[in-house]
Amino acid sequence: MKNHFVELPVVTGEGEFRARYSEKGLAGLSFPERRRPNGRKDISAAWGTAAGHGQLNRWHRLTQAALNRVLAGRAPGRLPPLDWSGATAFQKSVWRELLKLAPGVTRSYGQIAAAIGRPRAVRAVGGACGANPIPVLVPCHRVLAANQKLGGFSAGLAWKRKLLAREGVNGLSAE
DNA sequence: GACAGATGAAGGA
DNA sequence: TCCTTCATCTGTC
């Protein structure tokens, strides 16, 4: 069967993110781009039923609230259902572990690897973080390399640094 | 299968 | 302390 995706803008103080929804929940989140956003797509055409439309609006409100809270350095609170279909079991276990991290709490790739029972899969954890379709809400920015180095970030280290600073994490090594 | 990667640890200068 | 090298594990092509 074919999955329908709907992309909606999420307005925050940091710019306009774009949330992508499937019929199962939030499937992706993109950082603000330089280009002017397209705005809202035709929801009714993509979504079909009125019930789905109402559900989408509910999810989107949750996403907006959660995103703004995280950007303010607070816990996201209630999240919409996350659609991780297509992800591997390993990636999901990494992302589930990330969801447990409170704001301001950081872990190294090695610690995440150990937490999911694969202490030597550190590089694979990095790969899973990079494959994370829902940055910010799945806080891959709270994963640092050893020695508090920044490591990497799919959307750019500037975002990672900014997000961590909002949560009160300072003193990061320049990397 | 081969290869690359958002790592980490160890060893040498 | 910094730099280089290598072991390790998973995902992707």
# chains A, B, ... in the order shown; residues from 1 in each chain; ligands from 1

call {"tool": "interface_residues", "arguments": {"of": "chain B", "to": "chain A", "cutoff": "12 Å", "atoms": "only C-alpha atoms (C1' of nucleotides)", "output": "compact mmCIF listing (two decimals) with C-alpha atoms (C1' of nucleotides), in the first residue's frame"}}
result
# COMPACT_ATOMS: atom_id res chain seq x y z
C1' DA B 4 31.70 4.03 4.86
C1' DG B 5 30.58 6.34 9.16
C1' DA B 6 27.89 12.03 13.71
C1' DT B 7 33.33 6.72 17.59
C1' DG B 8 36.63 5.49 20.92
C1' DA B 9 40.84 3.92 22.72

call {"tool": "residues_around", "arguments": {"residues": "region 164-172 of chain A", "least_positions_apart": "4", "cutoff": "8 Å", "atoms": "only C-alpha atoms (C1' of nucleotides)", "output": "ChimeraX atom specification"}}
result
/A:71-74,103-105,141-142,148-150,160

call {"tool": "write_last_selection", "arguments": {"atoms": "C-alpha atoms", "output": "PDB file, in the first residue's frame"}}
result
ATOM      1  CA  LEU A  71      13.532  25.058  21.615  1.00  0.00           C
ATOM      2  CA  ALA A  72      12.948  26.858  24.904  1.00  0.00           C
ATOM      3  CA  GLY A  73      15.118  24.281  26.663  1.00  0.00           C
ATOM      4  CA  ARG A  74      12.265  22.419  28.307  1.00  0.00           C
ATOM      5  CA  PRO A 103      16.788  18.447  28.638  1.00  0.00           C
ATOM      6  CA  GLY A 104      20.310  19.382  29.585  1.00  0.00           C
ATOM      7  CA  VAL A 105      21.334  15.753  29.914  1.00  0.00           C
ATOM      8  CA  HIS A 141      21.585  16.715  19.607  1.00  0.00           C
ATOM      9  CA  ARG A 142      22.108  15.482  23.175  1.00  0.00           C
ATOM     10  CA  GLN A 148      32.311  16.425  25.432  1.00  0.00           C
ATOM     11  CA  LYS A 149      33.162  17.078  21.835  1.00  0.00           C
ATOM     12  CA  LEU A 150      30.255  17.992  19.640  1.00  0.00           C
ATOM     13  CA  LYS A 160      23.366  21.317  17.786  1.00  0.00           C
TER      14      LYS A 160
END

call {"tool": "closest_atom_pairs", "arguments": {"of": "chain C", "to": "chain A", "cutoff": "7 Å", "atoms": "only C-alpha atoms (C1' of nucleotides)", "output": "tab-separated table"}}
result
residue	atom	partner	partner_atom	distance
C:DT8	C1'	A:Arg120	CA	6.2
C:DC9	C1'	A:Ala121	CA	4.7
C:DT10	C1'	A:Ala124	CA	4.8

call {"tool": "select_by_dssp", "arguments": {"residues": "chain A", "states": "alpha helix (DSSP H)", "output": "VMD selection string"}}
result
chain A and resid 43 to 47 50 to 71 89 to 99 109 to 115 122 to 130 157 to 166

call {"tool": "atom_distance", "arguments": {"atom1": "C1' of DA7 (chain C)", "atom2": "CA of Ala89 (chain A)"}}
result
24.2 Å

call {"tool": "atom_distance", "arguments": {"atom1": "CA of Lys92 (chain A)", "atom2": "CA of Leu26 (chain A)"}}
result
14.4 Å

call {"tool": "atom_distance", "arguments": {"atom1": "CA of Glu33 (chain A)", "atom2": "CA of Glu7 (chain A)"}}
result
14.1 Å
